[in-house]
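For reference, target-v4.pdb (PDB, N, CA and C atoms):
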```
ATOM      1  N   MET A   6      36.822   6.215  44.704
ATOM      2  CA  MET A   6      37.295   6.564  43.385
ATOM      3  C   MET A   6      36.528   5.741  42.356
ATOM      4  N   ILE A   7      36.002   6.401  41.358
ATOM      5  CA  ILE A   7      35.263   5.732  40.303
ATOM      6  C   ILE A   7      36.161   5.652  39.077
ATOM      7  N   ARG A   8      36.272   4.463  38.522
ATOM      8  CA  ARG A   8      37.072   4.286  37.308
ATOM      9  C   ARG A   8      36.148   4.266  36.112
ATOM     10  N   VAL A   9      36.437   5.125  35.159
ATOM     11  CA  VAL A   9      35.638   5.184  33.948
ATOM     12  C   VAL A   9      36.215   4.166  32.964
ATOM     13  N   MET A  10      35.361   3.295  32.492
ATOM     14  CA  MET A  10      35.797   2.281  31.541
ATOM     15  C   MET A  10      35.946   2.915  30.165
ATOM     16  N   GLY A  11      36.977   2.535  29.483
ATOM     17  CA  GLY A  11      37.217   3.035  28.142
ATOM     18  C   GLY A  11      36.709   2.047  27.110
ATOM     19  N   TYR A  12      37.350   2.051  25.983
ATOM     20  CA  TYR A  12      36.981   1.145  24.905
ATOM     21  C   TYR A  12      38.186   0.268  24.585
ATOM     22  N   PRO A  13      37.951  -0.963  24.178
ATOM     23  CA  PRO A  13      39.073  -1.867  23.911
ATOM     24  C   PRO A  13      39.774  -1.512  22.602
ATOM     25  N   VAL A  14      41.092  -1.587  22.621
ATOM     26  CA  VAL A  14      41.911  -1.404  21.428
ATOM     27  C   VAL A  14      42.857  -2.589  21.371
ATOM     28  N   ARG A  15      42.946  -3.238  20.230
ATOM     29  CA  ARG A  15      43.796  -4.425  20.074
ATOM     30  C   ARG A  15      45.163  -4.021  19.539
ATOM     31  N   PHE A  16      46.201  -4.512  20.209
ATOM     32  CA  PHE A  16      47.571  -4.326  19.774
ATOM     33  C   PHE A  16      48.181  -5.694  19.486
ATOM     34  N   THR A  17      49.321  -5.694  18.819
ATOM     35  CA  THR A  17      50.014  -6.932  18.480
ATOM     36  C   THR A  17      51.283  -7.034  19.301
ATOM     37  N   ALA A  18      51.488  -8.173  19.952
ATOM     38  CA  ALA A  18      52.687  -8.388  20.751
ATOM     39  C   ALA A  18      53.552  -9.465  20.119
ATOM     40  N   ALA A  19      54.844  -9.220  20.086
ATOM     41  CA  ALA A  19      55.820 -10.224  19.670
ATOM     42  C   ALA A  19      56.569 -10.633  20.927
ATOM     43  N   ILE A  20      56.608 -11.935  21.202
ATOM     44  CA  ILE A  20      57.215 -12.429  22.434
ATOM     45  C   ILE A  20      58.433 -13.279  22.097
ATOM     46  N   THR A  21      59.534 -13.003  22.789
ATOM     47  CA  THR A  21      60.741 -13.812  22.646
ATOM     48  C   THR A  21      61.137 -14.330  24.019
ATOM     49  N   HIS A  22      61.848 -15.425  24.037
ATOM     50  CA  HIS A  22      62.341 -16.010  25.286
ATOM     51  C   HIS A  22      63.821 -15.692  25.358
ATOM     52  N   GLU A  23      64.194 -14.808  26.262
ATOM     53  CA  GLU A  23      65.571 -14.337  26.378
ATOM     54  C   GLU A  23      66.102 -14.686  27.765
ATOM     55  N   GLY A  24      66.924 -15.724  27.814
ATOM     56  CA  GLY A  24      67.429 -16.190  29.109
ATOM     57  C   GLY A  24      66.269 -16.650  29.962
ATOM     58  N   PRO A  25      66.203 -16.181  31.206
ATOM     59  CA  PRO A  25      65.098 -16.606  32.076
ATOM     60  C   PRO A  25      63.807 -15.817  31.851
ATOM     61  N   TRP A  26      63.815 -14.855  30.944
ATOM     62  CA  TRP A  26      62.686 -13.948  30.762
ATOM     63  C   TRP A  26      61.961 -14.174  29.448
ATOM     64  N   TYR A  27      60.665 -13.893  29.472
ATOM     65  CA  TYR A  27      59.876 -13.732  28.257
ATOM     66  C   TYR A  27      59.752 -12.225  28.049
ATOM     67  N   VAL A  28      60.095 -11.760  26.863
ATOM     68  CA  VAL A  28      60.040 -10.328  26.567
ATOM     69  C   VAL A  28      58.931 -10.111  25.546
ATOM     70  N   ALA A  29      57.981  -9.255  25.901
ATOM     71  CA  ALA A  29      56.837  -8.945  25.044
ATOM     72  C   ALA A  29      56.997  -7.521  24.526
ATOM     73  N   ARG A  30      56.966  -7.381  23.203
ATOM     74  CA  ARG A  30      57.108  -6.080  22.564
ATOM     75  C   ARG A  30      55.845  -5.779  21.763
ATOM     76  N   CYS A  31      55.347  -4.568  21.925
ATOM     77  CA  CYS A  31      54.188  -4.139  21.144
ATOM     78  C   CYS A  31      54.693  -3.667  19.785
ATOM     79  N   LEU A  32      54.081  -4.150  18.704
ATOM     80  CA  LEU A  32      54.542  -3.799  17.362
ATOM     81  C   LEU A  32      53.995  -2.459  16.868
ATOM     82  N   GLU A  33      52.896  -1.990  17.430
ATOM     83  CA  GLU A  33      52.320  -0.717  17.001
ATOM     84  C   GLU A  33      52.901   0.476  17.751
ATOM     85  N   VAL A  34      53.289   0.266  19.003
ATOM     86  CA  VAL A  34      53.810   1.318  19.860
ATOM     87  C   VAL A  34      55.131   0.804  20.438
ATOM     88  N   ASP A  35      56.114   1.657  20.566
ATOM     89  CA  ASP A  35      57.430   1.240  21.039
ATOM     90  C   ASP A  35      57.414   1.040  22.553
ATOM     91  N   ILE A  36      56.739  -0.028  22.996
ATOM     92  CA  ILE A  36      56.616  -0.378  24.407
ATOM     93  C   ILE A  36      56.955  -1.858  24.548
ATOM     94  N   ALA A  37      57.712  -2.195  25.585
ATOM     95  CA  ALA A  37      58.061  -3.594  25.847
ATOM     96  C   ALA A  37      58.020  -3.846  27.342
ATOM     97  N   SER A  38      57.867  -5.119  27.689
ATOM     98  CA  SER A  38      57.885  -5.526  29.089
ATOM     99  C   SER A  38      58.357  -6.962  29.145
ATOM    100  N   GLN A  39      58.578  -7.463  30.347
ATOM    101  CA  GLN A  39      59.057  -8.827  30.492
ATOM    102  C   GLN A  39      58.393  -9.500  31.673
ATOM    103  N   GLY A  40      58.543 -10.819  31.730
ATOM    104  CA  GLY A  40      57.999 -11.587  32.839
ATOM    105  C   GLY A  40      58.646 -12.955  32.873
ATOM    106  N   GLU A  41      58.435 -13.652  33.968
ATOM    107  CA  GLU A  41      59.016 -14.984  34.128
ATOM    108  C   GLU A  41      58.236 -16.050  33.354
ATOM    109  N   SER A  42      57.039 -15.696  32.893
ATOM    110  CA  SER A  42      56.232 -16.600  32.072
ATOM    111  C   SER A  42      55.644 -15.795  30.918
ATOM    112  N   LEU A  43      55.156 -16.499  29.920
ATOM    113  CA  LEU A  43      54.518 -15.845  28.785
ATOM    114  C   LEU A  43      53.337 -15.002  29.247
ATOM    115  N   GLU A  44      52.514 -15.575  30.115
ATOM    116  CA  GLU A  44      51.328 -14.861  30.617
ATOM    117  C   GLU A  44      51.727 -13.615  31.399
ATOM    118  N   GLN A  45      52.773 -13.724  32.225
ATOM    119  CA  GLN A  45      53.217 -12.580  33.020
ATOM    120  C   GLN A  45      53.780 -11.479  32.122
ATOM    121  N   ALA A  46      54.521 -11.860  31.079
ATOM    122  CA  ALA A  46      55.058 -10.867  30.149
ATOM    123  C   ALA A  46      53.921 -10.122  29.450
ATOM    124  N   LEU A  47      52.876 -10.840  29.025
ATOM    125  CA  LEU A  47      51.736 -10.189  28.375
ATOM    126  C   LEU A  47      50.950  -9.312  29.349
ATOM    127  N   ASP A  48      50.770  -9.778  30.575
ATOM    128  CA  ASP A  48      50.092  -8.961  31.589
ATOM    129  C   ASP A  48      50.879  -7.678  31.855
ATOM    130  N   ASN A  49      52.209  -7.797  31.956
ATOM    131  CA  ASN A  49      53.052  -6.627  32.206
ATOM    132  C   ASN A  49      53.031  -5.671  31.016
ATOM    133  N   LEU A  50      53.000  -6.214  29.802
ATOM    134  CA  LEU A  50      52.908  -5.357  28.619
ATOM    135  C   LEU A  50      51.567  -4.632  28.600
ATOM    136  N   ARG A  51      50.498  -5.341  28.928
ATOM    137  CA  ARG A  51      49.166  -4.724  28.974
ATOM    138  C   ARG A  51      49.167  -3.551  29.959
ATOM    139  N   GLU A  52      49.742  -3.768  31.131
ATOM    140  CA  GLU A  52      49.808  -2.705  32.140
ATOM    141  C   GLU A  52      50.659  -1.532  31.652
ATOM    142  N   ALA A  53      51.787  -1.828  31.014
ATOM    143  CA  ALA A  53      52.662  -0.763  30.502
ATOM    144  C   ALA A  53      51.944   0.060  29.437
ATOM    145  N   LEU A  54      51.186  -0.594  28.563
ATOM    146  CA  LEU A  54      50.441   0.130  27.537
ATOM    147  C   LEU A  54      49.353   1.008  28.154
ATOM    148  N   GLU A  55      48.645   0.473  29.146
ATOM    149  CA  GLU A  55      47.609   1.265  29.809
ATOM    150  C   GLU A  55      48.208   2.499  30.472
ATOM    151  N   LEU A  56      49.354   2.331  31.140
ATOM    152  CA  LEU A  56      50.014   3.475  31.769
ATOM    153  C   LEU A  56      50.502   4.482  30.727
ATOM    154  N   TYR A  57      51.027   3.987  29.624
ATOM    155  CA  TYR A  57      51.503   4.865  28.558
ATOM    156  C   TYR A  57      50.363   5.732  28.030
ATOM    157  N   PHE A  58      49.210   5.127  27.799
ATOM    158  CA  PHE A  58      48.100   5.875  27.217
ATOM    159  C   PHE A  58      47.344   6.718  28.237
ATOM    160  N   GLU A  59      47.645   6.576  29.531
ATOM    161  CA  GLU A  59      47.093   7.505  30.519
ATOM    162  C   GLU A  59      47.679   8.890  30.305
ATOM    163  N   ASP A  60      48.966   8.951  29.944
ATOM    164  CA  ASP A  60      49.652  10.229  29.751
ATOM    165  C   ASP A  60      49.581  10.731  28.313
ATOM    166  N   LYS A  61      49.359   9.828  27.377
ATOM    167  CA  LYS A  61      49.322  10.195  25.964
ATOM    168  C   LYS A  61      48.081   9.570  25.347
ATOM    169  N   PRO A  62      46.982  10.309  25.326
ATOM    170  CA  PRO A  62      45.741   9.735  24.794
ATOM    171  C   PRO A  62      45.898   9.262  23.350
ATOM    172  N   LEU A  63      45.223   8.205  23.036
ATOM    173  CA  LEU A  63      45.224   7.644  21.693
ATOM    174  C   LEU A  63      44.302   8.489  20.826
ATOM    175  N   THR A  64      44.882   9.200  19.848
ATOM    176  CA  THR A  64      44.081  10.096  19.012
ATOM    177  C   THR A  64      43.570   9.405  17.755
ATOM    178  N   GLU A  65      44.273   8.352  17.328
ATOM    179  CA  GLU A  65      43.790   7.572  16.192
ATOM    180  C   GLU A  65      44.172   6.118  16.428
ATOM    181  N   LEU A  66      43.377   5.232  15.887
ATOM    182  CA  LEU A  66      43.641   3.815  16.093
ATOM    183  C   LEU A  66      44.903   3.412  15.342
ATOM    184  N   PRO A  67      45.744   2.589  15.974
ATOM    185  CA  PRO A  67      46.978   2.174  15.303
ATOM    186  C   PRO A  67      46.688   1.222  14.153
ATOM    187  N   MET A  68      47.537   1.286  13.149
ATOM    188  CA  MET A  68      47.407   0.352  12.031
ATOM    189  C   MET A  68      47.984  -0.981  12.462
ATOM    190  N   THR A  69      47.252  -2.046  12.209
ATOM    191  CA  THR A  69      47.737  -3.380  12.539
ATOM    192  C   THR A  69      48.837  -3.748  11.557
ATOM    193  N   PRO A  70      50.001  -4.160  12.063
ATOM    194  CA  PRO A  70      51.077  -4.518  11.145
ATOM    195  C   PRO A  70      50.752  -5.793  10.384
ATOM    196  N   ILE A  71      51.331  -5.897   9.214
ATOM    197  CA  ILE A  71      51.222  -7.122   8.432
ATOM    198  C   ILE A  71      52.374  -8.021   8.870
ATOM    199  N   LEU A  72      52.054  -9.205   9.333
ATOM    200  CA  LEU A  72      53.072 -10.141   9.796
ATOM    201  C   LEU A  72      53.335 -11.155   8.694
ATOM    202  N   ALA A  73      54.589 -11.297   8.335
ATOM    203  CA  ALA A  73      54.941 -12.223   7.265
ATOM    204  C   ALA A  73      56.301 -12.849   7.569
ATOM    205  N   PRO A  74      56.435 -14.147   7.349
ATOM    206  CA  PRO A  74      57.736 -14.779   7.556
ATOM    207  C   PRO A  74      58.687 -14.402   6.417
ATOM    208  N   VAL A  75      59.963 -14.317   6.741
ATOM    209  CA  VAL A  75      61.001 -14.037   5.756
ATOM    210  C   VAL A  75      62.059 -15.112   5.924
ATOM    211  N   THR A  76      62.350 -15.820   4.840
ATOM    212  CA  THR A  76      63.362 -16.891   4.873
ATOM    213  C   THR A  76      64.573 -16.434   4.074
ATOM    214  N   ILE A  77      65.753 -16.615   4.663
ATOM    215  CA  ILE A  77      66.989 -16.324   3.958
ATOM    216  C   ILE A  77      67.894 -17.545   4.061
ATOM    217  N   GLU A  78      68.877 -17.606   3.199
ATOM    218  CA  GLU A  78      69.851 -18.688   3.275
ATOM    219  C   GLU A  78      71.153 -18.132   3.814
ATOM    220  N   LEU A  79      71.679 -18.777   4.825
ATOM    221  CA  LEU A  79      72.934 -18.377   5.433
ATOM    222  C   LEU A  79      74.045 -19.322   4.977
ATOM    223  N   PRO A  80      75.265 -18.823   4.867
ATOM    224  CA  PRO A  80      76.365 -19.709   4.495
ATOM    225  C   PRO A  80      76.621 -20.717   5.595
ATOM    226  N   GLN A  81      77.124 -21.860   5.206
ATOM    227  CA  GLN A  81      77.475 -22.901   6.178
ATOM    228  C   GLN A  81      78.618 -22.408   7.063
ATOM    229  N   PRO A  82      78.560 -22.696   8.354
ATOM    230  CA  PRO A  82      79.664 -22.258   9.241
ATOM    231  C   PRO A  82      80.943 -23.031   8.990
TER     232      PRO A  82
END
```

Let's see the structure in the file written out as structure tokens.
Amino acid sequence: MIRVMGYPVRFTAAITHEGPWYVARCLEVDIASQGESLEQALDNLREALELYFEDKPLTELPMTPILAPVTIELPQP
């Protein structure tokens, strides 16, 4: 079997630590994955994205989201 190499496309991942898991979410496409380490969560997300785009070809490049911090003030408990 010959694998045809494609072209690289960069996506943005947001990673949170939830209990024993690291959860990686793609901000451009509604895909998420998890792993026991940060690296494993990103590897699993990469694999999930590749599988997703095998069935749904990328017709246009995704727009990179603008990341900005938002600070709010919460009432004292």

Task: Option closest in space to Cys31 of chain A, from A:Pro80, A:Leu43, A:Thr17, A:Lys61 [counting only N, CA and C atoms] - done: A:Thr17

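Note that atom CA of Ala18 of chain A and atom N of Arg30 of chain A are 5.0 Å apart.
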
Task: Pairwise distance for atom C of Ala53 of chain A and atom C of Ala37 of chain A, rounded to one decimal in Å - done: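 So the two atoms, atom C of Ala53 of chain A and atom C of Ala37 of chain A, lie 7.5 Å apart.
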
- [ ] Mind checking which residues fall within 6 Å of Ala46 of chain A, counting only C-alpha atoms, ignoring those fewer than 3 positions away in the same chain, and posting them as a VMD selection string?
- [x] chain A and resid 27 29 39 to 40 43 49

Step one, run DSSP on the backbone; step two, keep only residues of chain A assigned to strand (DSSP E or B); then write them as an mmCIF file with N, CA and C atoms, in the coordinates of the input.
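Now in states-v8.cif:
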```cif
data_model
loop_
_atom_site.group_PDB
_atom_site.id
_atom_site.type_symbol
_atom_site.label_atom_id
_atom_site.label_comp_id
_atom_site.auth_asym_id
_atom_site.auth_seq_id
_atom_site.Cartn_x
_atom_site.Cartn_y
_atom_site.Cartn_z
ATOM 1 N N ALA A 18 51.488 -8.173 19.952
ATOM 2 C CA ALA A 18 52.687 -8.388 20.751
ATOM 3 C C ALA A 18 53.552 -9.465 20.119
ATOM 4 N N ALA A 19 54.844 -9.220 20.086
ATOM 5 C CA ALA A 19 55.820 -10.224 19.670
ATOM 6 C C ALA A 19 56.569 -10.633 20.927
ATOM 7 N N ILE A 20 56.608 -11.935 21.202
ATOM 8 C CA ILE A 20 57.215 -12.429 22.434
ATOM 9 C C ILE A 20 58.433 -13.279 22.097
ATOM 10 N N THR A 21 59.534 -13.003 22.789
ATOM 11 C CA THR A 21 60.741 -13.812 22.646
ATOM 12 C C THR A 21 61.137 -14.330 24.019
ATOM 13 N N HIS A 22 61.848 -15.425 24.037
ATOM 14 C CA HIS A 22 62.341 -16.010 25.286
ATOM 15 C C HIS A 22 63.821 -15.692 25.358
ATOM 16 N N GLU A 23 64.194 -14.808 26.262
ATOM 17 C CA GLU A 23 65.571 -14.337 26.378
ATOM 18 C C GLU A 23 66.102 -14.686 27.765
ATOM 19 N N TRP A 26 63.815 -14.855 30.944
ATOM 20 C CA TRP A 26 62.686 -13.948 30.762
ATOM 21 C C TRP A 26 61.961 -14.174 29.448
ATOM 22 N N TYR A 27 60.665 -13.893 29.472
ATOM 23 C CA TYR A 27 59.876 -13.732 28.257
ATOM 24 C C TYR A 27 59.752 -12.225 28.049
ATOM 25 N N VAL A 28 60.095 -11.760 26.863
ATOM 26 C CA VAL A 28 60.040 -10.328 26.567
ATOM 27 C C VAL A 28 58.931 -10.111 25.546
ATOM 28 N N ALA A 29 57.981 -9.255 25.901
ATOM 29 C CA ALA A 29 56.837 -8.945 25.044
ATOM 30 C C ALA A 29 56.997 -7.521 24.526
ATOM 31 N N ARG A 30 56.966 -7.381 23.203
ATOM 32 C CA ARG A 30 57.108 -6.080 22.564
ATOM 33 C C ARG A 30 55.845 -5.779 21.763
ATOM 34 N N CYS A 31 55.347 -4.568 21.925
ATOM 35 C CA CYS A 31 54.188 -4.139 21.144
ATOM 36 C C CYS A 31 54.693 -3.667 19.785
ATOM 37 N N ALA A 37 57.712 -2.195 25.585
ATOM 38 C CA ALA A 37 58.061 -3.594 25.847
ATOM 39 C C ALA A 37 58.020 -3.846 27.342
ATOM 40 N N SER A 38 57.867 -5.119 27.689
ATOM 41 C CA SER A 38 57.885 -5.526 29.089
ATOM 42 C C SER A 38 58.357 -6.962 29.145
ATOM 43 N N GLN A 39 58.578 -7.463 30.347
ATOM 44 C CA GLN A 39 59.057 -8.827 30.492
ATOM 45 C C GLN A 39 58.393 -9.500 31.673
ATOM 46 N N GLY A 40 58.543 -10.819 31.730
ATOM 47 C CA GLY A 40 57.999 -11.587 32.839
ATOM 48 C C GLY A 40 58.646 -12.955 32.873
#
```

Report as JSON the centre and the edge lengths, in Å to one decimal, of the axis-aligned box holding every listed atom of segment 43-60 of chain A, padded by 6 Å on each side.
```
{"center_x": 51.1, "center_y": -2.9, "center_z": 30.1, "size_x": 20.1, "size_y": 39.2, "size_z": 17.8}
```

Open item on the list: What's the separation between atom N of Glu41 of chain A and atom C of Ile20 of chain A, in Å to one decimal place?
Closed with: 11.9 Å

Open item on the list: Starting from the PyMOL selection byres ((chain A and resi 33) around 8), expand the selection into actual residues of this file and give them as a PyMOL selection string.
Closed with: chain A and resi 16-19+30-32+34-36+67-70

Starting from the incomplete input, reconstruct all heavy atoms of segment 52-63 of chain A and report them as a PDB file, in the coordinates of the input.
```pdb
ATOM      1  N   GLU A  52      49.742  -3.768  31.131  1.00  0.00           N
ATOM      2  CA  GLU A  52      49.808  -2.705  32.140  1.00  0.00           C
ATOM      3  C   GLU A  52      50.659  -1.532  31.652  1.00  0.00           C
ATOM      4  O   GLU A  52      50.286  -0.370  31.834  1.00  0.00           O
ATOM      5  CB  GLU A  52      50.375  -3.258  33.445  1.00  0.00           C
ATOM      6  CG  GLU A  52      50.441  -2.236  34.555  1.00  0.00           C
ATOM      7  CD  GLU A  52      50.989  -2.805  35.854  1.00  0.00           C
ATOM      8  OE1 GLU A  52      51.261  -4.017  35.926  1.00  0.00           O
ATOM      9  OE2 GLU A  52      51.157  -2.011  36.797  1.00  0.00           O
ATOM     10  N   ALA A  53      51.787  -1.828  31.014  1.00  0.00           N
ATOM     11  CA  ALA A  53      52.662  -0.763  30.502  1.00  0.00           C
ATOM     12  C   ALA A  53      51.944   0.060  29.437  1.00  0.00           C
ATOM     13  O   ALA A  53      52.067   1.291  29.402  1.00  0.00           O
ATOM     14  CB  ALA A  53      53.950  -1.364  29.953  1.00  0.00           C
ATOM     15  N   LEU A  54      51.186  -0.594  28.563  1.00  0.00           N
ATOM     16  CA  LEU A  54      50.441   0.130  27.537  1.00  0.00           C
ATOM     17  C   LEU A  54      49.353   1.008  28.154  1.00  0.00           C
ATOM     18  O   LEU A  54      49.160   2.150  27.739  1.00  0.00           O
ATOM     19  CB  LEU A  54      49.816  -0.858  26.538  1.00  0.00           C
ATOM     20  CG  LEU A  54      50.791  -1.479  25.545  1.00  0.00           C
ATOM     21  CD1 LEU A  54      50.159  -2.690  24.870  1.00  0.00           C
ATOM     22  CD2 LEU A  54      51.238  -0.455  24.521  1.00  0.00           C
ATOM     23  N   GLU A  55      48.645   0.473  29.146  1.00  0.00           N
ATOM     24  CA  GLU A  55      47.609   1.265  29.809  1.00  0.00           C
ATOM     25  C   GLU A  55      48.208   2.499  30.472  1.00  0.00           C
ATOM     26  O   GLU A  55      47.657   3.602  30.378  1.00  0.00           O
ATOM     27  CB  GLU A  55      46.853   0.408  30.823  1.00  0.00           C
ATOM     28  CG  GLU A  55      45.951  -0.621  30.169  1.00  0.00           C
ATOM     29  CD  GLU A  55      45.357  -1.620  31.157  1.00  0.00           C
ATOM     30  OE1 GLU A  55      45.786  -1.650  32.332  1.00  0.00           O
ATOM     31  OE2 GLU A  55      44.469  -2.390  30.736  1.00  0.00           O
ATOM     32  N   LEU A  56      49.354   2.331  31.140  1.00  0.00           N
ATOM     33  CA  LEU A  56      50.014   3.475  31.769  1.00  0.00           C
ATOM     34  C   LEU A  56      50.502   4.482  30.727  1.00  0.00           C
ATOM     35  O   LEU A  56      50.397   5.691  30.917  1.00  0.00           O
ATOM     36  CB  LEU A  56      51.193   2.992  32.628  1.00  0.00           C
ATOM     37  CG  LEU A  56      50.811   2.232  33.894  1.00  0.00           C
ATOM     38  CD1 LEU A  56      52.045   1.608  34.533  1.00  0.00           C
ATOM     39  CD2 LEU A  56      50.096   3.150  34.879  1.00  0.00           C
ATOM     40  N   TYR A  57      51.027   3.987  29.624  1.00  0.00           N
ATOM     41  CA  TYR A  57      51.503   4.865  28.558  1.00  0.00           C
ATOM     42  C   TYR A  57      50.363   5.732  28.030  1.00  0.00           C
ATOM     43  O   TYR A  57      50.521   6.941  27.836  1.00  0.00           O
ATOM     44  CB  TYR A  57      52.100   4.019  27.430  1.00  0.00           C
ATOM     45  CG  TYR A  57      52.517   4.801  26.216  1.00  0.00           C
ATOM     46  CD1 TYR A  57      53.719   5.506  26.196  1.00  0.00           C
ATOM     47  CD2 TYR A  57      51.716   4.825  25.081  1.00  0.00           C
ATOM     48  CE1 TYR A  57      54.107   6.220  25.076  1.00  0.00           C
ATOM     49  CE2 TYR A  57      52.101   5.531  23.952  1.00  0.00           C
ATOM     50  CZ  TYR A  57      53.294   6.233  23.954  1.00  0.00           C
ATOM     51  OH  TYR A  57      53.673   6.929  22.845  1.00  0.00           O
ATOM     52  N   PHE A  58      49.210   5.127  27.799  1.00  0.00           N
ATOM     53  CA  PHE A  58      48.100   5.875  27.217  1.00  0.00           C
ATOM     54  C   PHE A  58      47.344   6.718  28.237  1.00  0.00           C
ATOM     55  O   PHE A  58      46.501   7.527  27.862  1.00  0.00           O
ATOM     56  CB  PHE A  58      47.161   4.944  26.442  1.00  0.00           C
ATOM     57  CG  PHE A  58      47.748   4.518  25.123  1.00  0.00           C
ATOM     58  CD1 PHE A  58      48.122   3.207  24.909  1.00  0.00           C
ATOM     59  CD2 PHE A  58      47.951   5.439  24.112  1.00  0.00           C
ATOM     60  CE1 PHE A  58      48.680   2.817  23.711  1.00  0.00           C
ATOM     61  CE2 PHE A  58      48.505   5.074  22.906  1.00  0.00           C
ATOM     62  CZ  PHE A  58      48.875   3.758  22.705  1.00  0.00           C
ATOM     63  N   GLU A  59      47.645   6.576  29.531  1.00  0.00           N
ATOM     64  CA  GLU A  59      47.093   7.505  30.519  1.00  0.00           C
ATOM     65  C   GLU A  59      47.679   8.890  30.305  1.00  0.00           C
ATOM     66  O   GLU A  59      46.995   9.893  30.478  1.00  0.00           O
ATOM     67  CB  GLU A  59      47.414   7.036  31.942  1.00  0.00           C
ATOM     68  CG  GLU A  59      46.506   5.984  32.467  1.00  0.00           C
ATOM     69  CD  GLU A  59      46.830   5.607  33.902  1.00  0.00           C
ATOM     70  OE1 GLU A  59      47.713   6.243  34.526  1.00  0.00           O
ATOM     71  OE2 GLU A  59      46.206   4.665  34.407  1.00  0.00           O
ATOM     72  N   ASP A  60      48.966   8.951  29.944  1.00  0.00           N
ATOM     73  CA  ASP A  60      49.652  10.229  29.751  1.00  0.00           C
ATOM     74  C   ASP A  60      49.581  10.731  28.313  1.00  0.00           C
ATOM     75  O   ASP A  60      49.774  11.908  28.050  1.00  0.00           O
ATOM     76  CB  ASP A  60      51.128  10.100  30.147  1.00  0.00           C
ATOM     77  CG  ASP A  60      51.296   9.853  31.638  1.00  0.00           C
ATOM     78  OD1 ASP A  60      50.399  10.237  32.412  1.00  0.00           O
ATOM     79  OD2 ASP A  60      52.323   9.269  32.020  1.00  0.00           O
ATOM     80  N   LYS A  61      49.359   9.828  27.377  1.00  0.00           N
ATOM     81  CA  LYS A  61      49.322  10.195  25.964  1.00  0.00           C
ATOM     82  C   LYS A  61      48.081   9.570  25.347  1.00  0.00           C
ATOM     83  O   LYS A  61      48.125   8.430  24.897  1.00  0.00           O
ATOM     84  CB  LYS A  61      50.575   9.688  25.266  1.00  0.00           C
ATOM     85  CG  LYS A  61      50.642  10.059  23.820  1.00  0.00           C
ATOM     86  CD  LYS A  61      51.902   9.552  23.160  1.00  0.00           C
ATOM     87  CE  LYS A  61      51.799   9.908  21.707  1.00  0.00           C
ATOM     88  NZ  LYS A  61      52.998   9.796  20.982  1.00  0.00           N
ATOM     89  N   PRO A  62      46.982  10.309  25.326  1.00  0.00           N
ATOM     90  CA  PRO A  62      45.741   9.735  24.794  1.00  0.00           C
ATOM     91  C   PRO A  62      45.898   9.262  23.350  1.00  0.00           C
ATOM     92  O   PRO A  62      46.634   9.852  22.562  1.00  0.00           O
ATOM     93  CB  PRO A  62      44.745  10.886  24.888  1.00  0.00           C
ATOM     94  CG  PRO A  62      45.324  11.836  25.869  1.00  0.00           C
ATOM     95  CD  PRO A  62      46.814  11.679  25.778  1.00  0.00           C
ATOM     96  N   LEU A  63      45.223   8.205  23.036  1.00  0.00           N
ATOM     97  CA  LEU A  63      45.224   7.644  21.693  1.00  0.00           C
ATOM     98  C   LEU A  63      44.302   8.489  20.826  1.00  0.00           C
ATOM     99  O   LEU A  63      43.102   8.541  21.045  1.00  0.00           O
ATOM    100  CB  LEU A  63      44.746   6.193  21.731  1.00  0.00           C
ATOM    101  CG  LEU A  63      44.787   5.400  20.443  1.00  0.00           C
ATOM    102  CD1 LEU A  63      46.225   5.265  19.951  1.00  0.00           C
ATOM    103  CD2 LEU A  63      44.207   4.022  20.665  1.00  0.00           C
TER     104      LEU A  63
END
```
